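Colleague: Dumping the structure here so I can ask a few things about it.
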Amino acid sequence: MAEEFPDNIRRFITENFTSVEQLEALLLLRADPERTWDAAELSQALYTQPEAAAMRLADLRGRGFLTAEGAPARYRYRPANSELARQVDLLADVYRERRVTVITLIYSRPADPAQAFADAFRLRKEK
Amino acid sequence: MSQAVYILCAITSLVCTVLLVRAYRQNRVPLLFWSGLCFLGLTVENFVLFLDKTVFPDVDLTMSVRIAALAALGGLALLIFGMVWKDK
Amino acid sequence: MDELILGATAMAFAVASLFFLRFWRDTGDRLFALFAFAFLLMSCGRVGFGLTQDQEEAHPYLYLLRFFSFSLIVVAIVDKNRSRPPSA
């Protein structure tokens with residue numbers, strides 16, 4: 001697939017992103033750290049349901065990428081620490097330069113570790 | 001008879017180890033790493049017991065049996081660790 | 001010392017078996033049911049070995065139990081590759 005892909009970035013992606021939409025949401029908020037977003041605004045920007053956008057925002061906040069204020073919550077890009085910020089910067093570069101590879105990586109990631117365990121015993125690889 | 005059982009079990013464990021490690025290298029799911037180590041432990045256990053019965057039948061077997069048992073237990077401990085830390 | 005290791009290993013197999021049972025419930029994949037059963041049998045094997053350490057005549061049955069456990073894993077792998085995988 002993409003053998004020379006940096007290992008730490010690969011791990012960062014598989015550990016944090018279950019969908020491309022989630023990654024798009026994070027990069028959108030990162031584009032302007034001063035701006036705050038609510039679910040309705042994000043859903044318009046990404047052409048998704050407001051419920052889905054709310055879920056993405058809450059999940060990204062839980063992972064330490066965003067902070068939230070007010071009710072209903074408005075979110076802002078503010079990584080919990082500089083290491084996290086650095087990883088996201090790297091990821092943004094990789095996503096700009098090698099978008100297809102990143103998308104393939106996210107989609108090839110099994111949704112559930114147990115399923116990954118079971119699939120490991122499949123000898124023929126489905127194309 | 002016990003030799004045959006041990007070597008067959010060792011081969012089965014080795015196949016599981018290879019499949020799990022191969023899958024781990026592709027998708028980096030930590031559970032597969034810990035499971036792979038568990039089956040590696042079980043491979044070592046069965047292989048040591050096989051050697052104990054066939055190659056060195058006259059050597060005092062207490063030590064090798066103990067090594068085999070600890071390999072299996074260590075592998076299982078890692079597997080359970082992986083199962084507990086499995087996150088979505 | 002050896003009994004301690006045997007007991008811990010029996011418990012570890014049993015715990016891992018329960019996790020496989022849970023994975024079976026979560027995914028509905030038969031492979032986990034077979035793994036759970038295999039690990040449960042291995043747990044029983046350790047208990048049996050602990051109880052009959054001085055009785056050589058009981059050991060052939062325990063080899064059979066071990067053989068049967070690993071056969072279940074082989075069956076699970078074969079089954080996984082026979083059934084049509086759900087399109088990923």
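Chain lettering (A, B, ...) mirrors the order of the structure tokens, residue numbering begins at 1 for each chain separately, and ligand numbering begins at 1 in order of display.
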Just the residues within 9 Å of A:Arg63, please, counting only C-alpha atoms, with nothing from its chain fewer than 4 positions along; format it as a PyMOL selection string.
Modeller: chain A and resi 16+58-59+79-80
Colleague: Could you tell me which residues of chain C sit within 9 Å of chain A when counting only C-alpha atoms, and give me the result as a list in words?
Modeller: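 Close enough to count are Phe20, Phe23, Trp24, Asp26, Thr27, Asp29, Leu31, Phe32, Ala76, Ile77, Val78, Lys80, Asn81, Pro85, Ser87 and Ala88 of chain C.
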Colleague: Check the DSSP output for the backbone and give back, as JSON, numbers by chain, the residues of chain A in alpha helix (DSSP H).
Modeller: {"A": [7, 8, 9, 10, 11, 12, 13, 14, 15, 16, 20, 21, 22, 23, 24, 25, 26, 27, 28, 29, 30, 31, 39, 40, 41, 42, 43, 44, 45, 46, 50, 51, 52, 53, 54, 55, 56, 57, 58, 59, 60, 61, 62, 82, 83, 84, 85, 86, 87, 88, 89, 90, 91, 92, 93, 94, 95, 96, 97, 99, 100, 101, 102, 103, 104, 105, 106, 107, 108, 113, 114, 115, 116, 117, 118, 119, 120]}
Colleague: Could you please tell me, as number ranges by chain, which residues of chain B have an atom within 10 Å of chain C when using only C-alpha atoms?
Modeller: B: 1-6, 8-13, 15-16, 62, 65-66, 69-70, 72-77, 79-81, 83-84
Colleague: What residues in chain B have any atom no more than 7 Å from chain A when counting only C-alpha atoms, and can you write them as a list in words?
Modeller: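 The contacting residues on chain B are Leu19, Leu20, Ala23, Asn27, Val29, Leu31, Leu32, Lys86 and Lys88 of chain B.
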Colleague: Would you mind exporting C-alpha atoms of the selected residues as a PDB file, in the first residue's frame?
Modeller:
```pdb
ATOM      1  CA  LEU B  19      -1.076 -14.717  10.787  1.00  0.00           C
ATOM      2  CA  LEU B  20      -1.551 -12.297  13.687  1.00  0.00           C
ATOM      3  CA  ALA B  23      -2.101  -8.646  10.100  1.00  0.00           C
ATOM      4  CA  ASN B  27      -3.268  -2.497  10.230  1.00  0.00           C
ATOM      5  CA  VAL B  29      -4.237  -2.864  15.678  1.00  0.00           C
ATOM      6  CA  LEU B  31      -4.734  -6.360  20.025  1.00  0.00           C
ATOM      7  CA  LEU B  32      -3.132  -8.331  17.182  1.00  0.00           C
ATOM      8  CA  LYS B  86      -8.576  -2.952  23.385  1.00  0.00           C
ATOM      9  CA  LYS B  88     -12.490   1.185  19.610  1.00  0.00           C
TER      10      LYS B  88
END
```
Colleague: Please return as a list of chain:residue names: the residues of chain A that backbone DSSP assigns to strand (DSSP E or B).
Modeller: A:Trp37, A:Leu66, A:Thr67, A:Ala68, A:Glu69, A:Arg74, A:Tyr75, A:Arg76, A:Tyr77
Colleague: What would the file look like if the residues just selected were written as a compact mmCIF listing (two decimals), in the first residue's frame with C-alpha atoms?
Modeller:
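out26.txt, written as the output of this step:
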```
# COMPACT_ATOMS: atom_id res chain seq x y z
CA TRP A 37 -17.75 26.59 15.34
CA LEU A 66 -10.55 21.07 20.48
CA THR A 67 -11.87 23.08 23.39
CA ALA A 68 -15.53 23.88 23.89
CA GLU A 69 -17.28 26.79 25.52
CA ARG A 74 -18.98 26.22 20.32
CA TYR A 75 -15.68 24.55 19.48
CA ARG A 76 -12.27 25.92 18.72
CA TYR A 77 -9.05 24.25 17.51
```
Colleague: Mind giving me the straight-line distance from atom CA of B:Leu51 to atom CA of B:Tyr24 in Å, one decimal?
Modeller: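 Spanning atom CA of B:Leu51 to atom CA of B:Tyr24 is a straight-line distance of 29.6 Å.
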Colleague: Which one is closest to A:Arg30: A:Ile9, A:Ala92, A:Leu84, A:Leu46? Count only C-alpha atoms.
Modeller: A:Ala92
Colleague: Between atom CA of A:Gln87 and atom CA of A:Met55, what is the distance in Å, rounded to a tenth?
Modeller: 22.2 Å
Colleague: Which residues, written as a PyMOL selection string, have at least one atom at most 9 Å from B:Leu49, with only C-alpha atoms counted and residues fewer than 2 positions away on the same chain left out?
Modeller: chain B and resi 3+6-7+44-47+51-54+61+64-65+68
Colleague: Please produce an output containing C-alpha atoms for each residue in the selection, written as a PDB file, in the first residue's frame.
Modeller:
```
ATOM      1  CA  GLN B   3       5.522 -35.874  21.055  1.00  0.00           C
ATOM      2  CA  TYR B   6       3.218 -31.254  21.179  1.00  0.00           C
ATOM      3  CA  ILE B   7       4.642 -30.743  17.693  1.00  0.00           C
ATOM      4  CA  VAL B  44       7.582 -21.896  22.598  1.00  0.00           C
ATOM      5  CA  GLU B  45       5.762 -23.901  25.273  1.00  0.00           C
ATOM      6  CA  ASN B  46       4.793 -26.735  22.949  1.00  0.00           C
ATOM      7  CA  PHE B  47       8.131 -26.748  21.169  1.00  0.00           C
ATOM      8  CA  LEU B  51      12.180 -31.190  22.582  1.00  0.00           C
ATOM      9  CA  ASP B  52      11.959 -32.366  26.164  1.00  0.00           C
ATOM     10  CA  LYS B  53      10.228 -35.598  25.062  1.00  0.00           C
ATOM     11  CA  THR B  54      12.231 -36.357  21.921  1.00  0.00           C
ATOM     12  CA  LEU B  61      12.743 -32.295  32.739  1.00  0.00           C
ATOM     13  CA  SER B  64      12.326 -27.254  30.688  1.00  0.00           C
ATOM     14  CA  VAL B  65       8.763 -27.943  31.809  1.00  0.00           C
ATOM     15  CA  ALA B  68       7.535 -23.989  28.894  1.00  0.00           C
TER      16      ALA B  68
END
```
Colleague: If you count only C-alpha atoms, which residues fall within 7 Å of B:Leu14, apart from same-chain ones fewer than 3 positions away, as a PyMOL selection string?
Modeller: chain B and resi 10-11+17-18+39-40+43
Colleague: For those residues, write N, CA and C atoms to a file as a JSON list (two decimals), in the first residue's frame.
Modeller:
```json
[["chain", "number", "residue", "atom", "x", "y", "z"],
["B", 10, "ALA", "N", 2.48, -27.05, 18.51],
["B", 10, "ALA", "CA", 3.48, -26.01, 18.26],
["B", 10, "ALA", "C", 3.27, -25.43, 16.86],
["B", 11, "ILE", "N", 3.01, -26.30, 15.87],
["B", 11, "ILE", "CA", 2.81, -25.82, 14.50],
["B", 11, "ILE", "C", 1.56, -24.94, 14.42],
["B", 17, "THR", "N", 0.57, -17.33, 15.23],
["B", 17, "THR", "CA", 1.51, -16.23, 15.46],
["B", 17, "THR", "C", 1.79, -15.48, 14.16],
["B", 18, "VAL", "N", 2.12, -16.25, 13.12],
["B", 18, "VAL", "CA", 2.48, -15.64, 11.84],
["B", 18, "VAL", "C", 1.30, -14.83, 11.28],
["B", 39, "PHE", "N", 0.47, -16.25, 21.19],
["B", 39, "PHE", "CA", 0.65, -17.49, 20.44],
["B", 39, "PHE", "C", 2.12, -17.83, 20.26],
["B", 40, "LEU", "N", 2.99, -16.81, 20.27],
["B", 40, "LEU", "CA", 4.42, -17.09, 20.26],
["B", 40, "LEU", "C", 4.80, -17.84, 21.54],
["B", 43, "THR", "N", 3.65, -21.29, 21.26],
["B", 43, "THR", "CA", 4.53, -22.02, 20.34],
["B", 43, "THR", "C", 5.77, -22.49, 21.08]]
```
Colleague: Would you list the contacts of A:Thr48 as a ChimeraX atom specification, taking every protein, DNA or RNA residue within 10 Å and counting only C-alpha atoms, but skipping same-chain residues closer than 6 positions in sequence?
Modeller: /A:21,39-40,42
